[in-house]
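See structure below.
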Amino acid sequence: MNGKDIFVGLKYIGEDLIQEAEYGQFPAREAGTGKNARTRRIRRGPLLIAALIAIMLLLVGCAVMYVLKTQDLKVGEQTGYVYAVDGNKISSETVAVGQQILTLGGAEGSPAYMAAKEWYDFKESYDPDHLIQVTLSKEGQIPEFPKEYDSYNIYTQEMKEKLDEIVEKYGLKLAGAQVKDRTRTFKQLCKAVGMETVLSPGCDDLIVITSGRYYECGNMDLEFDVSLQGEAGTEPVATWGALYYRRKDCFSEDMRAIGDGLLIGDADSGKEWNYTTKTGKDVLIVRSPSDWRAWLFCDGKENFISVMVEARFEGYSDDLEGNMYVDVKEMTDRQLELLAEAIDFTAEPKVLAEDVDLTAGEVSTGPTQNGYTIVLKSAVTDGQIAYITLGLTAPEDAALRESGKEGYEQMIRPGNVWDYFVPKSGEKIEGSSITMAWEEDGDGLDNTQNLVITAQVRLESGKKAFSKGAKWELYIEDLVSKYFDFEEMKERYLWVVEGLWQMDVTFNEGDFREIEFVQEPVAAPAAAAMGINGKDDLYEDIHITSFVLRKYSATLCMDSEEAYFDAFPYVVMNDNSQIAFISHYAGDYIAEKPIALDQVAYVVLPDGTKLPMPGTGDGT
């Protein structure tokens, strides 16, 4: 029972009883009259305390019955639209779906909830159609705010002032800036905040944390892949999701829409229920057939904890007539309950002091961990894109490629690598894209393999991430076995070995030449970013201002931040062969194979414009 329960109970106690308790005037019997009457002075304090104790005892039962509901998290409503489904055929028409807007900050009655509700109402009245935001964005007039406001979508001074007013009104603090580069791995982050893992003690399920964010106030987000082993009568299931820890003394803007409506053809309605875990934590589970997500909510001691998980798996197909079909598989209610058992809702991250060194602690120094060896073989770059080749050796009796379920090939891979590649110079990373691929190492052994990591990184300073002589650190945490289950259309993970491998990477090898193909701006039509009306307009006045070609990559710049191209550029060589670009990140393209710069004839821009190799002709 908490303070909220007491005040709820007091609503049913008459004011006369409260007043009589204060002054000690309980009419248990008639007051004496006449000569035998005696005046008795009653001490007020003990009787008032006794009355409150009695009320609290009566409310104990009520407190036990109090359970969390979505209504306790609801701050508003909105209407969404989804494609109608008849059986498994997708209609071209949409159906209106009612949605509840829930806060992840805390339950009704808490300061965090009241702040979220007032902030939501303010935004709905201030700029409901986001016209102010779109206008300011196009004009480049959105003000710069201090880092502690990064967690809030504010774009005017008026919004900042209202946010400050709400935070002060409810005695809360701002989320603060995201803490970066203070941990080497997500395991270190969890340990630093007092959490060995997010799994319940003794849990045999596998969870791999794939990304993490920590904020100055103590808020923490963790994204994860999870494989639930199941139980008798319940199938195993693999899925992904996110954990959100929100401090109760902080204002967190997080608000999520949860669908109320049904898709045409759905037999079951949306539902919510409370589940008590073996650790005694009450968890609210919410799902809706109009939403691919399910949610788990738990009111912790110092944090309000939310779990989002992909619970509706959709596969799409079409026929010769252009009809679209969807094949839907869903996690069962029991599987969602098993997820609640797997997550340790008793563990809550603590707030860290600013001067805590999260990189301190034991880190492996040798290449071999628990029988598995990882060594750096090579690191090549063109200054923008880096290729790091690692050699992995497993114990002699272990195979790095082996048959998984139903004979599908599975492969051992790092549990995490994406956020563990950092410059030793201390430069801040603005954004990155990391991919991994296996290649044969040529020795014919089953227990050895090469792992090639492709890294695209942009630094906040604007400097080249992989200039000649640049020094980086690479960390690989744990190894898991991953394979694709075509029957369930899901990736599966199996635990292999725990370990942390650290290696220094210096970029001395590579071709650092850059060739600029745009001598003057090139006019090209490009699609605009999707607007509020859901339509894509064409920008006829977009200009490509630069196209720089390198050995492994290219960078395209234009005079609009909102435009994009549907097609990729490509390179034509002197022998008329073509080299395509296979991926794109923030204006940088990766070539499908190394480009011999001395043999380039011309490049073809996304709009079809041909630009010749500088000094070699007209590009025809």
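Ligands are numbered from 1 in the order shown, residues from 1 within each chain, and chains are lettered A, B, ... in the order they appear in the structure tokens.
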
Extract, using only C-alpha atoms, all DNA, RNA and protein residues at most 6 Å from Arg550 of chain A, discarding same-chain residues fewer than 3 positions from it, and format them as a PyMOL selection string. chain A and resi 514+553-554

Nearest-residue call for Met195 of chain A, choices A:Val286, A:Val380, A:Ile207, A:Ala347, using only C-alpha atoms: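 Checking each of A:Val286, A:Val380, A:Ile207, A:Ala347 against Met195 of chain A, counting only C-alpha atoms, the winner is A:Ala347.
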
Return the single residue from A:His584, A:Lys89, A:Arg213, A:Lys468 that is closest to Gly322 of chain A, with distances computed using only C-alpha atoms.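 Nearest to Gly322 of chain A: A:Lys89.
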
Taking the backbone alone, and naming residues the way the document does, which bits of segment 216-357 of chain A are strand (DSSP E or B) by DSSP, as a VMD selection string? chain A and resid 220 to 228 231 234 237 to 247 250 255 to 259 271 to 276 282 to 287 293 to 299 303 to 310 312 to 318 324 to 330 343

Do you know which residues are at most 6 Å from Ser288 of chain A counting only C-alpha atoms, after dropping those on the same chain fewer than 3 positions away, and could you put them as an MDAnalysis selection string? chainID A and resid 259 270 291

Mind dumping the selected residues with N, CA and C atoms as a CSV table (one decimal), in the first residue's frame?
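Saved the output as selection09.csv:
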```csv
chain,number,residue,atom,x,y,z
A,259,GLY,N,-2.7,0.4,-30.3
A,259,GLY,CA,-4.0,0.3,-31.0
A,259,GLY,C,-5.1,-0.4,-30.2
A,270,GLY,N,-8.2,-6.8,-28.9
A,270,GLY,CA,-7.1,-6.4,-28.1
A,270,GLY,C,-7.4,-6.8,-26.6
A,291,ASP,N,-1.6,-4.0,-34.0
A,291,ASP,CA,-0.3,-3.5,-33.7
A,291,ASP,C,0.6,-4.7,-33.6
```

Using only C-alpha atoms, find the one residue out of A:Ala455, A:Leu611, A:Val179, A:Val496 that sits nearest to Glu148 of chain A. A:Val179

Who sits within 12 Å of Thr448 of chain A, only C-alpha atoms, same chain under 5 positions skipped, as a ChimeraX atom specification: /A:372-375,390-401,411-412,438-443

Between atom CA of Leu284 of chain A and atom CA of Gln100 of chain A, what distance in Å does the model show, to one decimal?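 About the pair atom CA of Leu284 of chain A and atom CA of Gln100 of chain A: they are 15.3 Å apart.
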
Spatial neighbours of Pro349 of chain A, max dist 8 Å, only C-alpha atoms, sep filter under 5 positions, as a ChimeraX atom specification: /A:190,193-195,218-220,245

Please list as a ChimeraX atom specification every residue within 6 Å of segment 108-115 of chain A, counting only C-alpha atoms and excluding residues in the same chain fewer than 4 positions away. /A:72,170,251

Could you give me, as an mmCIF file with N, CA and C atoms, in the first residue's frame, the residues within 7 Å of segment 474-478 of chain A, counting only C-alpha atoms and dropping anything in the same chain fewer than 3 positions from it?
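Once everything was written out, this is around_32.cif:
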```cif
data_model
loop_
_atom_site.group_PDB
_atom_site.id
_atom_site.type_symbol
_atom_site.label_atom_id
_atom_site.label_comp_id
_atom_site.auth_asym_id
_atom_site.auth_seq_id
_atom_site.Cartn_x
_atom_site.Cartn_y
_atom_site.Cartn_z
ATOM 1 N N PRO A 414 29.721 -12.668 -33.607
ATOM 2 C CA PRO A 414 29.776 -11.880 -32.373
ATOM 3 C C PRO A 414 28.385 -11.539 -31.870
ATOM 4 N N GLY A 415 28.251 -11.540 -30.546
ATOM 5 C CA GLY A 415 26.981 -11.115 -29.982
ATOM 6 C C GLY A 415 26.748 -9.638 -30.214
ATOM 7 N N ASN A 416 27.791 -8.852 -30.082
ATOM 8 C CA ASN A 416 27.716 -7.413 -30.309
ATOM 9 C C ASN A 416 29.017 -6.912 -30.906
ATOM 10 N N VAL A 417 28.928 -5.942 -31.800
ATOM 11 C CA VAL A 417 30.115 -5.279 -32.313
ATOM 12 C C VAL A 417 29.807 -3.831 -32.695
ATOM 13 N N TYR A 420 31.026 -0.946 -30.464
ATOM 14 C CA TYR A 420 32.298 -1.204 -29.788
ATOM 15 C C TYR A 420 33.495 -0.795 -30.627
ATOM 16 N N PHE A 421 33.279 -0.064 -31.688
ATOM 17 C CA PHE A 421 34.347 0.354 -32.575
ATOM 18 C C PHE A 421 34.511 1.853 -32.391
ATOM 19 N N VAL A 422 35.576 2.277 -31.701
ATOM 20 C CA VAL A 422 35.706 3.675 -31.282
ATOM 21 C C VAL A 422 37.100 4.201 -31.587
ATOM 22 N N VAL A 497 29.609 -18.885 -26.411
ATOM 23 C CA VAL A 497 30.645 -18.689 -25.408
ATOM 24 C C VAL A 497 30.654 -17.224 -24.970
ATOM 25 N N GLU A 498 30.990 -17.009 -23.712
ATOM 26 C CA GLU A 498 31.115 -15.657 -23.192
ATOM 27 C C GLU A 498 32.573 -15.223 -23.267
ATOM 28 N N GLY A 499 32.794 -13.973 -23.607
ATOM 29 C CA GLY A 499 34.148 -13.453 -23.674
ATOM 30 C C GLY A 499 34.149 -12.022 -24.156
ATOM 31 N N LEU A 500 35.275 -11.364 -23.989
ATOM 32 C CA LEU A 500 35.437 -9.992 -24.471
ATOM 33 C C LEU A 500 36.809 -9.899 -25.118
ATOM 34 N N TRP A 501 36.831 -9.646 -26.412
ATOM 35 C CA TRP A 501 38.072 -9.563 -27.173
ATOM 36 C C TRP A 501 38.326 -8.103 -27.546
ATOM 37 N N GLN A 502 39.511 -7.610 -27.257
ATOM 38 C CA GLN A 502 39.873 -6.233 -27.553
ATOM 39 C C GLN A 502 41.090 -6.220 -28.465
ATOM 40 N N MET A 503 41.069 -5.348 -29.464
ATOM 41 C CA MET A 503 42.226 -5.238 -30.350
ATOM 42 C C MET A 503 42.363 -3.813 -30.871
ATOM 43 N N ASP A 504 43.605 -3.388 -31.073
ATOM 44 C CA ASP A 504 43.892 -2.077 -31.645
ATOM 45 C C ASP A 504 43.938 -2.196 -33.163
#
```

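The interatomic distance for the pair atom CA of Ala242 of chain A and atom CA of Ala177 of chain A works out to 19.8 Å.
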